[in-house]
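Asker: Take a look at this one; I'll ask things after.
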Amino acid sequence: MLISQAAISNIPILIKIIGAKYFKLDGRSDPSDILSPIDVEGHGTHTASTAAGNIVPNASLFGLANGTARGAVPSARLAIYKVCWTEDGCADMDILAGFEAAIHDGVDVISVSLGGGNANYAQDCIAIGAFHAMRKGIITVASAGNGGPTMA
């Protein structure tokens with residue numbers, strides 16, 4: 001999923017999602033998913049709230065760690081680009097189509113929560129998409145995966 005903080009003024013704070021698109025360029029259906037921007041697994045919803053979740057006072061985990069919860073930028077607006085599918089995963093062509101759409105839509109930041117990829121930057125679709133975004137003045141932040149440290 002690609003997330004952006006768009007430069008929009010005079011919109012009430014409760015309107016977070018200003019656009020949503022999906023990319024499934026192979027045309028095959030995924031019986032465990034919905035051919036739409038809807039997040040059926042919750043990962044996109046989780047990353048969106050981390051980026052732009054509203055301020056929630058008196059939050060706690062079963063009474064522990066009481067405090068205020070919030071996303072990194074509660075005033076941010078989000079444009080959502082679904083590029084991963086439950087059974088089919090994340091195809092390079094869908095990821096690159098999502099990058100190009102975000103660039104065309106004029107986002108300010110692209111946040112990519114997709115791990116893995118090709119170690120060769122000239123062949124890695126996230127590196128290629130991020131490079132195209134950078135050429136248009138758009139910063140990309142990307143996850144490094146969930147593998148954790150390993151012994152060298």
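Letters A, B, ... go to the chains of the structure tokens in the order shown; residues in each chain start at 1; ligands are counted from 1 in the same order.
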From a DSSP calculation on the backbone, collect every residue of range 74-143 of chain A in strand (DSSP E) and output the set as a PyMOL selection string.

Answerer: chain A and resi 78-82+84-85+89-90+109-112+139-142

Asker: Mind writing the picked residues with N, CA, C and O atoms as a short mmCIF file (atom, residue, chain, number, x, y, z; two decimals), in the first residue's frame?

Answerer:
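Produced file selection.cif, reproduced below:
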```cif
data_model
loop_
_atom_site.label_atom_id
_atom_site.label_comp_id
_atom_site.auth_asym_id
_atom_site.auth_seq_id
_atom_site.Cartn_x
_atom_site.Cartn_y
_atom_site.Cartn_z
N LEU A 78 -4.66 11.01 3.31
CA LEU A 78 -4.12 9.80 2.72
C LEU A 78 -4.70 9.53 1.34
O LEU A 78 -5.90 9.64 1.14
N ALA A 79 -3.84 9.18 0.43
CA ALA A 79 -4.25 8.60 -0.85
C ALA A 79 -3.76 7.16 -0.79
O ALA A 79 -2.57 6.91 -0.56
N ILE A 80 -4.66 6.22 -0.97
CA ILE A 80 -4.35 4.80 -0.78
C ILE A 80 -4.20 4.14 -2.15
O ILE A 80 -5.04 4.33 -3.03
N TYR A 81 -3.15 3.34 -2.30
CA TYR A 81 -2.89 2.62 -3.55
C TYR A 81 -2.65 1.15 -3.20
O TYR A 81 -1.56 0.79 -2.77
N LYS A 82 -3.66 0.31 -3.39
CA LYS A 82 -3.53 -1.12 -3.07
C LYS A 82 -2.82 -1.82 -4.22
O LYS A 82 -3.26 -1.79 -5.36
N CYS A 84 -1.06 -5.08 -3.37
CA CYS A 84 -0.81 -6.45 -2.92
C CYS A 84 -2.13 -7.18 -2.74
O CYS A 84 -3.14 -6.58 -2.36
N TRP A 85 -2.09 -8.49 -2.95
CA TRP A 85 -3.28 -9.31 -2.95
C TRP A 85 -3.06 -10.53 -2.08
O TRP A 85 -1.95 -11.06 -1.98
N GLY A 89 0.04 -12.04 -3.77
CA GLY A 89 1.14 -11.21 -3.29
C GLY A 89 1.22 -9.88 -4.00
O GLY A 89 0.21 -9.33 -4.45
N CYS A 90 2.44 -9.37 -4.13
CA CYS A 90 2.67 -8.03 -4.68
C CYS A 90 3.48 -8.15 -5.97
O CYS A 90 4.68 -8.42 -5.92
N VAL A 109 4.48 12.55 -0.07
CA VAL A 109 5.30 11.48 0.49
C VAL A 109 4.70 10.16 0.04
O VAL A 109 3.49 10.00 0.01
N ILE A 110 5.57 9.20 -0.30
CA ILE A 110 5.12 7.84 -0.57
C ILE A 110 5.70 6.96 0.53
O ILE A 110 6.91 6.93 0.73
N SER A 111 4.82 6.27 1.24
CA SER A 111 5.24 5.34 2.28
C SER A 111 4.88 3.94 1.81
O SER A 111 3.71 3.64 1.59
N VAL A 112 5.88 3.09 1.65
CA VAL A 112 5.69 1.75 1.11
C VAL A 112 5.97 0.73 2.21
O VAL A 112 7.09 0.61 2.67
N ILE A 139 9.57 12.30 -1.74
CA ILE A 139 10.35 11.39 -0.92
C ILE A 139 9.60 10.07 -0.75
O ILE A 139 8.38 10.05 -0.65
N THR A 140 10.33 8.97 -0.74
CA THR A 140 9.76 7.65 -0.48
C THR A 140 10.39 7.09 0.78
O THR A 140 11.61 7.13 0.93
N VAL A 141 9.56 6.58 1.67
CA VAL A 141 10.04 5.84 2.84
C VAL A 141 9.53 4.42 2.68
O VAL A 141 8.40 4.20 2.27
N ALA A 142 10.40 3.45 2.95
CA ALA A 142 10.03 2.06 2.72
C ALA A 142 10.48 1.18 3.87
O ALA A 142 11.52 1.44 4.49
#
```

Asker: Tell me which protein, DNA and RNA residues are within 8 Å of Ala59 in chain A, counting only C-alpha atoms, leaving out same-chain ones fewer than 4 positions away, and put them as a PyMOL selection string.

Answerer: chain A and resi 65-69

Asker: List as an mmCIF file with all heavy atoms, in the first residue's frame the protein and nucleic acid residues near Ala133 in chain A, meaning an atom at most 10 Å away when only C-alpha atoms are counted, but skip any in the same chain fewer than 5 places from it.

Answerer:
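Once everything was written out, this is around_24.cif:
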```cif
data_model
loop_
_atom_site.group_PDB
_atom_site.id
_atom_site.type_symbol
_atom_site.label_atom_id
_atom_site.label_comp_id
_atom_site.auth_asym_id
_atom_site.auth_seq_id
_atom_site.Cartn_x
_atom_site.Cartn_y
_atom_site.Cartn_z
ATOM 1 N N PHE A 99 3.168 3.365 -7.807
ATOM 2 C CA PHE A 99 4.111 4.488 -7.731
ATOM 3 C C PHE A 99 3.764 5.546 -8.773
ATOM 4 O O PHE A 99 3.698 6.740 -8.455
ATOM 5 C CB PHE A 99 5.553 4.006 -7.970
ATOM 6 C CG PHE A 99 6.334 3.709 -6.743
ATOM 7 C CD1 PHE A 99 6.534 2.392 -6.342
ATOM 8 C CD2 PHE A 99 6.903 4.718 -5.981
ATOM 9 C CE1 PHE A 99 7.281 2.102 -5.211
ATOM 10 C CE2 PHE A 99 7.653 4.441 -4.855
ATOM 11 C CZ PHE A 99 7.838 3.119 -4.465
ATOM 12 N N GLU A 100 3.563 5.117 -10.009
ATOM 13 C CA GLU A 100 3.287 6.076 -11.083
ATOM 14 C C GLU A 100 1.992 6.839 -10.835
ATOM 15 O O GLU A 100 1.915 8.040 -11.088
ATOM 16 C CB GLU A 100 3.274 5.377 -12.443
ATOM 17 C CG GLU A 100 4.640 4.893 -12.886
ATOM 18 C CD GLU A 100 5.688 5.996 -12.952
ATOM 19 O OE1 GLU A 100 5.407 7.098 -13.463
ATOM 20 O OE2 GLU A 100 6.816 5.756 -12.487
ATOM 21 N N ALA A 102 0.658 7.490 -7.852
ATOM 22 C CA ALA A 102 0.911 8.426 -6.746
ATOM 23 C C ALA A 102 1.685 9.651 -7.238
ATOM 24 O O ALA A 102 1.370 10.782 -6.862
ATOM 25 C CB ALA A 102 1.670 7.721 -5.628
ATOM 26 N N ILE A 103 2.674 9.415 -8.078
ATOM 27 C CA ILE A 103 3.449 10.526 -8.640
ATOM 28 C C ILE A 103 2.529 11.418 -9.472
ATOM 29 O O ILE A 103 2.528 12.643 -9.325
ATOM 30 C CB ILE A 103 4.631 9.990 -9.479
ATOM 31 C CG1 ILE A 103 5.651 9.294 -8.568
ATOM 32 C CG2 ILE A 103 5.274 11.110 -10.298
ATOM 33 C CD1 ILE A 103 6.658 8.434 -9.315
ATOM 34 N N HIS A 104 1.739 10.817 -10.336
ATOM 35 C CA HIS A 104 0.812 11.574 -11.191
ATOM 36 C C HIS A 104 -0.211 12.351 -10.363
ATOM 37 O O HIS A 104 -0.585 13.471 -10.723
ATOM 38 C CB HIS A 104 0.099 10.628 -12.154
ATOM 39 C CG HIS A 104 -0.861 11.328 -13.055
ATOM 40 N ND1 HIS A 104 -2.204 11.437 -12.774
ATOM 41 C CD2 HIS A 104 -0.664 11.973 -14.228
ATOM 42 C CE1 HIS A 104 -2.795 12.126 -13.727
ATOM 43 N NE2 HIS A 104 -1.886 12.457 -14.629
ATOM 44 N N GLY A 106 0.272 13.686 -7.547
ATOM 45 C CA GLY A 106 0.910 14.807 -6.864
ATOM 46 C C GLY A 106 1.053 14.655 -5.364
ATOM 47 O O GLY A 106 1.001 15.655 -4.636
ATOM 48 N N VAL A 107 1.279 13.433 -4.898
ATOM 49 C CA VAL A 107 1.451 13.224 -3.461
ATOM 50 C C VAL A 107 2.730 13.906 -2.973
ATOM 51 O O VAL A 107 3.623 14.223 -3.758
ATOM 52 C CB VAL A 107 1.475 11.719 -3.105
ATOM 53 C CG1 VAL A 107 0.205 11.032 -3.588
ATOM 54 C CG2 VAL A 107 2.706 11.027 -3.652
ATOM 55 N N ASP A 108 2.814 14.114 -1.665
ATOM 56 C CA ASP A 108 4.001 14.717 -1.062
ATOM 57 C C ASP A 108 4.997 13.677 -0.578
ATOM 58 O O ASP A 108 6.206 13.896 -0.612
ATOM 59 C CB ASP A 108 3.601 15.599 0.130
ATOM 60 C CG ASP A 108 2.725 16.759 -0.298
ATOM 61 O OD1 ASP A 108 3.039 17.387 -1.320
ATOM 62 O OD2 ASP A 108 1.732 17.020 0.390
ATOM 63 N N VAL A 109 4.475 12.551 -0.067
ATOM 64 C CA VAL A 109 5.299 11.483 0.493
ATOM 65 C C VAL A 109 4.705 10.160 0.042
ATOM 66 O O VAL A 109 3.486 10.004 0.012
ATOM 67 C CB VAL A 109 5.303 11.529 2.046
ATOM 68 C CG1 VAL A 109 6.066 10.353 2.629
ATOM 69 C CG2 VAL A 109 5.863 12.846 2.550
ATOM 70 N N ILE A 110 5.567 9.204 -0.295
ATOM 71 C CA ILE A 110 5.115 7.842 -0.565
ATOM 72 C C ILE A 110 5.701 6.961 0.526
ATOM 73 O O ILE A 110 6.907 6.930 0.726
ATOM 74 C CB ILE A 110 5.566 7.341 -1.949
ATOM 75 C CG1 ILE A 110 4.950 8.202 -3.053
ATOM 76 C CG2 ILE A 110 5.207 5.869 -2.127
ATOM 77 C CD1 ILE A 110 5.437 7.865 -4.454
ATOM 78 N N ALA A 127 12.902 0.229 -5.504
ATOM 79 C CA ALA A 127 13.992 1.174 -5.760
ATOM 80 C C ALA A 127 13.734 1.970 -7.036
ATOM 81 O O ALA A 127 13.955 3.190 -7.081
ATOM 82 C CB ALA A 127 15.325 0.437 -5.858
ATOM 83 N N ILE A 128 13.229 1.299 -8.065
ATOM 84 C CA ILE A 128 12.941 1.985 -9.328
ATOM 85 C C ILE A 128 11.811 2.994 -9.139
ATOM 86 O O ILE A 128 11.908 4.148 -9.576
ATOM 87 C CB ILE A 128 12.596 0.959 -10.425
ATOM 88 C CG1 ILE A 128 13.841 0.120 -10.755
ATOM 89 C CG2 ILE A 128 12.046 1.648 -11.677
ATOM 90 C CD1 ILE A 128 13.552 -1.119 -11.581
ATOM 91 N N ILE A 138 9.507 13.877 -4.810
ATOM 92 C CA ILE A 138 8.684 13.168 -3.825
ATOM 93 C C ILE A 138 9.564 12.186 -3.065
ATOM 94 O O ILE A 138 10.229 11.344 -3.668
ATOM 95 C CB ILE A 138 7.534 12.408 -4.519
ATOM 96 C CG1 ILE A 138 6.670 13.380 -5.329
ATOM 97 C CG2 ILE A 138 6.705 11.634 -3.508
ATOM 98 C CD1 ILE A 138 5.698 12.695 -6.276
ATOM 99 N N ILE A 139 9.570 12.301 -1.741
ATOM 100 C CA ILE A 139 10.355 11.385 -0.920
ATOM 101 C C ILE A 139 9.599 10.072 -0.747
ATOM 102 O O ILE A 139 8.377 10.049 -0.655
ATOM 103 C CB ILE A 139 10.698 11.994 0.451
ATOM 104 C CG1 ILE A 139 11.682 11.104 1.193
ATOM 105 C CG2 ILE A 139 9.439 12.224 1.269
ATOM 106 C CD1 ILE A 139 12.270 11.738 2.430
ATOM 107 N N THR A 140 10.330 8.966 -0.738
ATOM 108 C CA THR A 140 9.758 7.651 -0.480
ATOM 109 C C THR A 140 10.389 7.087 0.777
ATOM 110 O O THR A 140 11.610 7.127 0.935
ATOM 111 C CB THR A 140 10.024 6.688 -1.651
ATOM 112 O OG1 THR A 140 9.408 7.199 -2.832
ATOM 113 C CG2 THR A 140 9.474 5.295 -1.366
#
```

Asker: Report as CSV the residues of range 36-137 of chain A within 9 Å of range 13-31 of chain A, each with its shortest atom pair and distance in Å (one decimal), using only C-alpha atoms, ordered by chain and increasing residue number.

Answerer:
```
residue,atom,partner,partner_atom,distance
A:Ser36,CA,A:Tyr22,CA,5.8
A:Pro37,CA,A:Tyr22,CA,5.0
A:Ile38,CA,A:Tyr22,CA,8.6
A:Ala52,CA,A:Lys16,CA,7.9
A:Gly53,CA,A:Lys16,CA,8.8
A:Asn54,CA,A:Leu14,CA,8.4
A:Pro74,CA,A:Ile13,CA,8.4
A:Ser75,CA,A:Ile13,CA,6.3
A:Ala76,CA,A:Lys16,CA,7.0
A:Arg77,CA,A:Lys16,CA,4.7
A:Leu78,CA,A:Ile17,CA,4.7
A:Ala79,CA,A:Gly19,CA,4.7
A:Ile80,CA,A:Ala20,CA,4.5
A:Tyr81,CA,A:Lys21,CA,4.9
A:Lys82,CA,A:Tyr22,CA,4.5
A:Val83,CA,A:Phe23,CA,5.3
A:Cys84,CA,A:Phe23,CA,8.2
A:Trp85,CA,A:Asp30,CA,7.1
A:Thr86,CA,A:Asp30,CA,7.1
A:Glu87,CA,A:Asp30,CA,6.3
A:Asp88,CA,A:Asp30,CA,7.0
A:Ala91,CA,A:Lys24,CA,8.3
A:Met93,CA,A:Leu25,CA,7.0
A:Asp94,CA,A:Phe23,CA,5.2
A:Ile95,CA,A:Phe23,CA,7.9
A:Ala97,CA,A:Phe23,CA,6.8
A:Gly98,CA,A:Phe23,CA,6.7
A:Ala101,CA,A:Lys21,CA,8.7
```

Asker: Could those residues be written to a file, using C-alpha atoms, as an mmCIF file, in the first residue's frame?

Answerer:
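The file below, result_3.cif, is the result:
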```
data_model
loop_
_atom_site.group_PDB
_atom_site.id
_atom_site.type_symbol
_atom_site.label_atom_id
_atom_site.label_comp_id
_atom_site.auth_asym_id
_atom_site.auth_seq_id
_atom_site.Cartn_x
_atom_site.Cartn_y
_atom_site.Cartn_z
ATOM 1 C CA SER A 36 -11.053 -2.908 -4.943
ATOM 2 C CA PRO A 37 -8.936 -0.729 -2.625
ATOM 3 C CA ILE A 38 -10.576 -2.434 0.386
ATOM 4 C CA ALA A 52 -2.002 9.565 10.097
ATOM 5 C CA GLY A 53 -4.084 8.260 12.998
ATOM 6 C CA ASN A 54 -6.136 10.806 14.940
ATOM 7 C CA PRO A 74 -2.649 13.304 12.647
ATOM 8 C CA SER A 75 -3.460 16.151 10.248
ATOM 9 C CA ALA A 76 -2.246 14.183 7.194
ATOM 10 C CA ARG A 77 -4.547 13.209 4.349
ATOM 11 C CA LEU A 78 -4.118 9.803 2.718
ATOM 12 C CA ALA A 79 -4.249 8.604 -0.848
ATOM 13 C CA ILE A 80 -4.353 4.802 -0.783
ATOM 14 C CA TYR A 81 -2.894 2.616 -3.550
ATOM 15 C CA LYS A 82 -3.530 -1.122 -3.072
ATOM 16 C CA VAL A 83 -0.899 -3.173 -4.893
ATOM 17 C CA CYS A 84 -0.812 -6.445 -2.921
ATOM 18 C CA TRP A 85 -3.282 -9.314 -2.954
ATOM 19 C CA THR A 86 -4.046 -12.043 -0.440
ATOM 20 C CA GLU A 87 -3.080 -15.053 -2.573
ATOM 21 C CA ASP A 88 -1.073 -13.455 -5.386
ATOM 22 C CA ALA A 91 3.525 -8.049 -8.391
ATOM 23 C CA MET A 93 3.928 -4.339 -12.311
ATOM 24 C CA ASP A 94 1.270 -3.452 -9.713
ATOM 25 C CA ILE A 95 3.823 -1.832 -7.393
ATOM 26 C CA ALA A 97 1.714 1.225 -11.379
ATOM 27 C CA GLY A 98 0.956 2.362 -7.822
ATOM 28 C CA ALA A 101 -0.282 6.843 -10.004
#
```

Asker: Would you list, as a ChimeraX atom specification, the residues of range 10-108 of chain A that end up in helix (DSSP H, G or I) under DSSP run on this structure's backbone?

Answerer: /A:43-52,92-105

Asker: Take CA of Ile55 in chain A and CA of Val40 in chain A and report the distance between them in Å, one decimal.

Answerer: 24.5 Å
